[in-house]
Structures are given as structure tokens and as C-alpha cells.
file protein26.tsv (TSV, C-alpha atoms)
chain	number	residue	atom	x	y	z
A	1	MET	CA	21.35	16.78	12.15
A	2	LYS	CA	20.15	15.21	15.36
A	3	THR	CA	19.07	11.59	15.10
A	4	MET	CA	15.53	10.62	15.98
A	5	ASN	CA	14.95	9.09	19.37
A	6	TYR	CA	13.31	5.77	18.56
A	7	SER	CA	12.57	5.04	22.22
A	8	LEU	CA	10.26	8.04	22.40
A	9	ILE	CA	8.55	7.07	19.15
A	10	ARG	CA	7.94	3.54	20.52
A	11	ILE	CA	6.61	5.00	23.76
A	12	LEU	CA	4.19	7.31	21.91
A	13	PHE	CA	2.91	4.53	19.62
A	14	ALA	CA	2.41	2.13	22.54
A	15	LEU	CA	0.67	4.85	24.54
A	16	VAL	CA	-1.70	5.78	21.71
A	17	ILE	CA	-2.48	2.16	20.83
A	18	GLY	CA	-3.05	1.30	24.49
A	19	LEU	CA	-5.39	4.24	25.02
A	20	VAL	CA	-7.38	3.47	21.87
A	21	LEU	CA	-7.74	-0.20	22.81
A	22	VAL	CA	-8.82	0.60	26.38
A	23	ILE	CA	-11.18	3.48	25.55
A	24	TRP	CA	-12.72	2.13	22.32
A	25	PRO	CA	-12.16	-1.66	22.18
A	26	ASN	CA	-15.15	-2.32	19.91
A	27	ALA	CA	-14.15	0.36	17.40
A	28	ALA	CA	-10.54	-0.84	17.53
A	29	ALA	CA	-11.62	-4.32	16.43
A	30	SER	CA	-13.49	-2.88	13.47
A	31	TYR	CA	-10.56	-0.68	12.47
A	32	ILE	CA	-8.12	-3.58	12.68
A	33	VAL	CA	-10.31	-5.63	10.34
A	34	ILE	CA	-10.70	-2.62	8.03
A	35	THR	CA	-6.91	-2.18	8.00
A	36	VAL	CA	-6.50	-5.83	7.01
A	37	GLY	CA	-9.13	-5.25	4.32
A	38	VAL	CA	-7.15	-2.31	2.95
A	39	ALA	CA	-4.04	-4.52	2.98
A	40	PHE	CA	-5.91	-6.95	0.69
A	41	LEU	CA	-7.54	-4.23	-1.40
A	42	ILE	CA	-4.40	-2.31	-2.40
A	43	PRO	CA	-2.55	-5.23	-4.08
A	44	GLY	CA	-5.75	-6.16	-5.91
A	45	VAL	CA	-6.17	-2.64	-7.26
A	46	ILE	CA	-2.49	-2.45	-8.27
A	47	THR	CA	-2.73	-5.79	-10.06
A	48	LEU	CA	-5.83	-4.72	-12.00
A	49	PHE	CA	-4.30	-1.37	-12.96
A	50	GLY	CA	-1.20	-3.20	-14.13
A	51	TYR	CA	-3.28	-5.62	-16.20
A	52	PHE	CA	-5.55	-3.05	-17.84
A	53	GLY	CA	-2.92	-0.32	-18.16
A	54	ARG	CA	-0.38	-2.50	-19.94
A	55	LYS	CA	0.20	-1.70	-23.60
A	56	ARG	CA	0.11	-4.75	-25.76
A	57	THR	CA	2.12	-5.11	-28.91
A	58	GLU	CA	0.87	-6.90	-31.96
A	59	GLY	CA	1.59	-10.62	-31.94
A	60	GLU	CA	2.19	-10.70	-28.18
A	61	VAL	CA	0.45	-13.43	-26.22
A	62	ALA	CA	-2.22	-11.91	-24.00
A	63	PRO	CA	-1.32	-12.17	-20.32
A	64	ARG	CA	-3.45	-14.27	-18.06
A	65	PHE	CA	-6.33	-12.42	-16.38
A	66	PRO	CA	-5.39	-11.63	-12.74
A	67	VAL	CA	-7.91	-13.79	-10.89
A	68	GLU	CA	-5.86	-13.47	-7.69
A	69	GLY	CA	-6.04	-9.68	-7.98
A	70	ILE	CA	-9.82	-9.79	-8.31
A	71	GLY	CA	-10.02	-12.18	-5.34
A	72	SER	CA	-7.82	-9.93	-3.23
A	73	LEU	CA	-9.84	-6.87	-4.23
A	74	LEU	CA	-13.20	-8.51	-3.45
A	75	PHE	CA	-11.99	-9.97	-0.14
A	76	GLY	CA	-10.58	-6.58	0.87
A	77	LEU	CA	-13.87	-4.88	0.02
A	78	TRP	CA	-15.77	-7.52	2.00
A	79	LEU	CA	-13.54	-6.94	5.05
A	80	ILE	CA	-13.99	-3.18	4.76
A	81	VAL	CA	-17.77	-3.36	4.32
A	82	MET	CA	-18.43	-5.97	7.05
A	83	PRO	CA	-15.73	-5.63	9.73
A	84	GLU	CA	-17.94	-6.67	12.64
A	85	PHE	CA	-18.83	-9.95	10.92
A	86	PHE	CA	-15.18	-10.89	10.47
A	87	ALA	CA	-14.25	-9.82	14.00
A	88	ASP	CA	-17.00	-12.11	15.33
A	89	VAL	CA	-15.87	-14.95	13.04
A	90	LEU	CA	-12.35	-14.60	14.40
A	91	MET	CA	-13.66	-14.73	17.96
A	92	PHE	CA	-15.70	-17.85	17.17
A	93	LEU	CA	-12.56	-19.42	15.75
A	94	LEU	CA	-10.55	-18.40	18.82
A	95	GLY	CA	-13.26	-19.78	21.10
A	96	PHE	CA	-13.24	-23.10	19.26
A	97	ILE	CA	-9.43	-23.30	19.47
A	98	LEU	CA	-9.52	-22.53	23.20
A	99	ILE	CA	-12.17	-25.18	23.82
A	100	MET	CA	-10.17	-27.77	21.91
A	101	GLY	CA	-6.99	-26.80	23.79
A	102	GLY	CA	-8.68	-26.97	27.19
A	103	VAL	CA	-10.28	-30.35	26.46
A	104	GLN	CA	-6.96	-31.71	25.13
A	105	GLN	CA	-5.08	-30.59	28.25
A	106	ILE	CA	-7.70	-32.10	30.56
A	107	ALA	CA	-7.55	-35.37	28.60
A	108	SER	CA	-3.75	-35.39	28.81
A	109	LEU	CA	-3.81	-34.82	32.54
A	110	SER	CA	-6.41	-37.57	32.95
A	111	ALA	CA	-4.23	-39.96	30.94
A	112	ALA	CA	-1.20	-39.01	33.06
A	113	ARG	CA	-3.08	-40.10	36.19
A	114	ARG	CA	-2.61	-43.69	35.08
A	115	TRP	CA	1.12	-43.65	35.82
A	116	THR	CA	1.57	-40.72	38.25
A	117	PRO	CA	-0.52	-38.77	40.72
A	118	VAL	CA	-1.75	-35.46	39.28
A	119	PRO	CA	-2.71	-32.81	41.84
A	120	GLY	CA	-6.05	-31.05	41.28
A	121	ALA	CA	-4.33	-27.66	40.89
A	122	PHE	CA	-2.95	-28.81	37.52
A	123	TYR	CA	-6.53	-28.91	36.20
A	124	LEU	CA	-7.13	-25.23	37.03
A	125	ILE	CA	-5.52	-23.68	33.92
A	126	PRO	CA	-7.12	-26.12	31.41
A	127	VAL	CA	-10.53	-25.54	32.98
A	128	LEU	CA	-10.02	-21.75	32.77
A	129	ILE	CA	-8.99	-22.11	29.11
A	130	LEU	CA	-12.11	-24.20	28.46
A	131	ILE	CA	-14.31	-21.58	30.17
A	132	ALA	CA	-12.67	-18.77	28.17
A	133	GLY	CA	-13.37	-20.69	24.95
A	134	ILE	CA	-17.02	-21.20	25.87
A	135	VAL	CA	-17.41	-17.50	26.74
A	136	ALA	CA	-15.77	-16.50	23.43
A	137	LEU	CA	-18.09	-18.85	21.55
A	138	PHE	CA	-21.31	-17.60	23.13
A	139	ASN	CA	-20.36	-13.92	23.59
A	140	PRO	CA	-17.84	-13.07	20.86
A	141	THR	CA	-18.23	-9.28	21.14
A	142	GLY	CA	-17.74	-9.23	24.91
A	143	ALA	CA	-14.75	-11.56	24.68
A	144	ARG	CA	-13.24	-9.47	21.90
A	145	ASN	CA	-13.65	-6.26	23.89
A	146	THR	CA	-12.15	-7.87	26.99
A	147	ALA	CA	-9.18	-9.18	25.00
A	148	PHE	CA	-8.56	-5.75	23.45
A	149	ILE	CA	-8.81	-4.06	26.85
A	150	ILE	CA	-6.22	-6.49	28.26
A	151	ILE	CA	-3.94	-5.87	25.27
A	152	GLY	CA	-4.49	-2.11	25.67
A	153	ILE	CA	-3.61	-2.19	29.37
A	154	SER	CA	-0.50	-4.23	28.56
A	155	SER	CA	0.47	-1.65	25.95
A	156	LEU	CA	-0.03	1.17	28.45
A	157	VAL	CA	2.08	-0.62	31.07
A	158	TYR	CA	4.78	-1.18	28.44
A	159	SER	CA	4.79	2.50	27.43
A	160	ILE	CA	4.96	3.70	31.04
A	161	SER	CA	7.79	1.31	31.94
A	162	GLU	CA	9.66	2.27	28.75
A	163	LEU	CA	9.21	5.95	29.61
A	164	ILE	CA	10.56	5.37	33.14
A	165	ASN	CA	13.52	3.45	31.70
A	166	TRP	CA	14.17	6.25	29.23
A	167	PHE	CA	14.14	8.90	31.97
A	168	LYS	CA	16.34	6.89	34.31
A	169	PHE	CA	18.85	5.30	31.93
A	170	ALA	CA	18.74	6.13	28.22
A	171	ARG	CA	19.03	9.89	28.58
A	172	ARG	CA	22.20	9.48	30.67
A	173	ARG	CA	23.99	7.37	28.08
A	174	PRO	CA	27.34	8.94	27.16
A	175	LYS	CA	27.30	10.78	23.84
A	176	THR	CA	30.64	9.39	22.64
A	177	PRO	CA	31.86	5.89	23.30
A	178	ILE	CA	34.93	5.42	25.46
A	179	VAL	CA	36.78	3.47	22.71
A	180	GLN	CA	35.95	4.58	19.19
A	181	ASN	CA	38.06	2.13	17.15
A	182	ASP	CA	40.88	-0.41	17.40
A	183	ASP	CA	43.60	2.24	16.81
A	184	ASP	CA	42.67	3.90	20.11
A	185	ILE	CA	43.40	0.64	21.92
A	186	GLU	CA	46.90	0.46	20.45
A	187	ASP	CA	47.63	4.14	21.28
A	188	ALA	CA	46.44	3.84	24.87
A	189	LYS	CA	48.99	4.15	27.65
A	190	ILE	CA	49.03	1.66	30.48
A	191	VAL	CA	48.81	3.38	33.84
A	192	GLU	CA	50.14	1.54	36.89

call {"tool": "encode", "arguments": {"input": "protein26.tsv", "output": "C-alpha cells"}}
result
Amino acid sequence: MKTMNYSLIRILFALVIGLVLVIWPNAAASYIVITVGVAFLIPGVITLFGYFGRKRTEGEVAPRFPVEGIGSLLFGLWLIVMPEFFADVLMFLLGFILIMGGVQQIASLSAARRWTPVPGAFYLIPVLILIAGIVALFNPTGARNTAFIIIGISSLVYSISELINWFKFARRRPKTPIVQNDDDIEDAKIVE
């Protein structure tokens, strides 16, 4: 039986994910949140089935009601029903974190000016981070779509470079190794 070529599988997954993120970034955000919701929903359902499907013997102490299972189930349903809301909440959170990071870096650079000269170019990245945070805070959907498009393009570039590497190098790998085990080393003849 021929083994699967995992490089090609990685290339296909990266290509599909990249295309989906570039072509439909808004839908991709919703589907990611829905997938997370399903990941919360399934354990909750399993826990409840386990609780209600368990046969109890007489005199046995009743098990504790699975509050965590109910919480997981409800949170999963909430994520599935309102994916756009949670995607926007995550972008607000990201925007807030970026603003805090940009302000902190600018403050650190300003404090460093007390003991050493700090060129103005060092302020460029913190200011860009601050601007990105403000954009994410006031336009979460646009920022989310832009972030997914960038991730999608990166995934496409990865899949294309991996495909080129596979065509150039991986296919030409020898089928059998030169030395198969330590006994072959001992049996080898030295040629002068």
C-alpha cells in the first residue's frame, strides 16, 4: 500500500483555506465562530446524554447535575446563533489590545529618551499599531475582513511555495535510504 503524501494534503488544505479567506472573508469569520460554537456544543450534549442516560442503582448517591455541560451547551448555541456578534466582540477586544500596546510602546520610547537619543523612526511601528487598534475599534467588520484577507493571502503564498518545493525537491527524494541499519555499516567495504 502506498503511503499518503502529507505534503500534498498540506498544500491542498492551505490552498482551500487561503482561497476561502480571500474570496469570502466575512463568511469565513462567521464559520470560524460557528465552528468554535460546535466545539463547545458537542461536549455539552455528550455530558447531558451521559447524565440522563446513566442507569442508577438503588441506594446509589445521585451524581451532581452537570452545570458545566449546560453552560458549554448554551454558550455553544449562543456562538452558533450569533456568530457576527462574537466576531465583532473579538475585533473590539483586539482593537483595545492594539491600542494599549501602541500606547505602551510610545510611552516606553518616550521614557527611554531621558537617557538615550531615540530616533523618530522608532515611533513609526507603535504609531501604526495604535492606528490599527483605533481602526479595529471603530470598524470591526472592515478590520476583520482585512485581517482574514491578509491571512488568506499568506496561506496562498505558503501553499504555492510548498508546491514549488514539492515539485523541485520532495519528489526527487530517493525511495530507499543509502544506509538502512547499523549492520550495513559494519558490512561495508572501504574503497581506497

call {"tool": "residues_around", "arguments": {"input": "protein26.tsv", "residues": "region 126-129 of chain A", "least_positions_apart": "6", "cutoff": "8 Å", "atoms": "all atoms listed in the file", "output": "VMD selection string"}}
result
chain A and resid 98 to 99 101 to 103 105 to 106

call {"tool": "axis_aligned_box", "arguments": {"input": "protein26.tsv", "around": "region 4-20 of chain A", "padding_each_side": "6 Å", "output": "lines of an AutoDock Vina configuration file"}}
result
center_x = 4.1
center_y = 6.0
center_z = 20.5
size_x = 34.9
size_y = 21.3
size_z = 21.0

call {"tool": "atom_distance", "arguments": {"input": "protein26.tsv", "atom1": "CA of Pro83 (chain A)", "atom2": "CA of Ser30 (chain A)"}}
result
5.2 Å

call {"tool": "residues_around", "arguments": {"input": "protein26.tsv", "residues": "region 131-141 of chain A", "least_positions_apart": "2", "cutoff": "10 Å", "atoms": "only C-alpha atoms", "output": "VMD selection string"}}
result
chain A and resid 25 to 26 29 84 87 to 102 125 to 129 143 to 147

call {"tool": "atom_distance", "arguments": {"input": "protein26.tsv", "atom1": "CA of Leu130 (chain A)", "atom2": "CA of Ile149 (chain A)"}}
result
20.5 Å

call {"tool": "atom_distance", "arguments": {"input": "protein26.tsv", "atom1": "CA of Gly69 (chain A)", "atom2": "CA of Met82 (chain A)"}}
result
19.8 Å

call {"tool": "residues_around", "arguments": {"input": "protein26.tsv", "residues": "Val16 (chain A)", "least_positions_apart": "4", "cutoff": "12 Å", "atoms": "only C-alpha atoms", "output": "VMD selection string"}}
result
chain A and resid 9 to 12 20 to 24 28 152 to 153 155 to 160

call {"tool": "closest_residue", "arguments": {"input": "protein26.tsv", "among": "A:Ala121, A:Leu73, A:Trp78, A:Phe148", "to": "Ile46 (chain A)", "atoms": "all atoms listed in the file"}}
result
A:Leu73

call {"tool": "closest_residue", "arguments": {"input": "protein26.tsv", "among": "A:Phe40, A:Ser161, A:Glu68, A:Lys55", "to": "Ala14 (chain A)", "atoms": "only C-alpha atoms"}}
result
A:Ser161
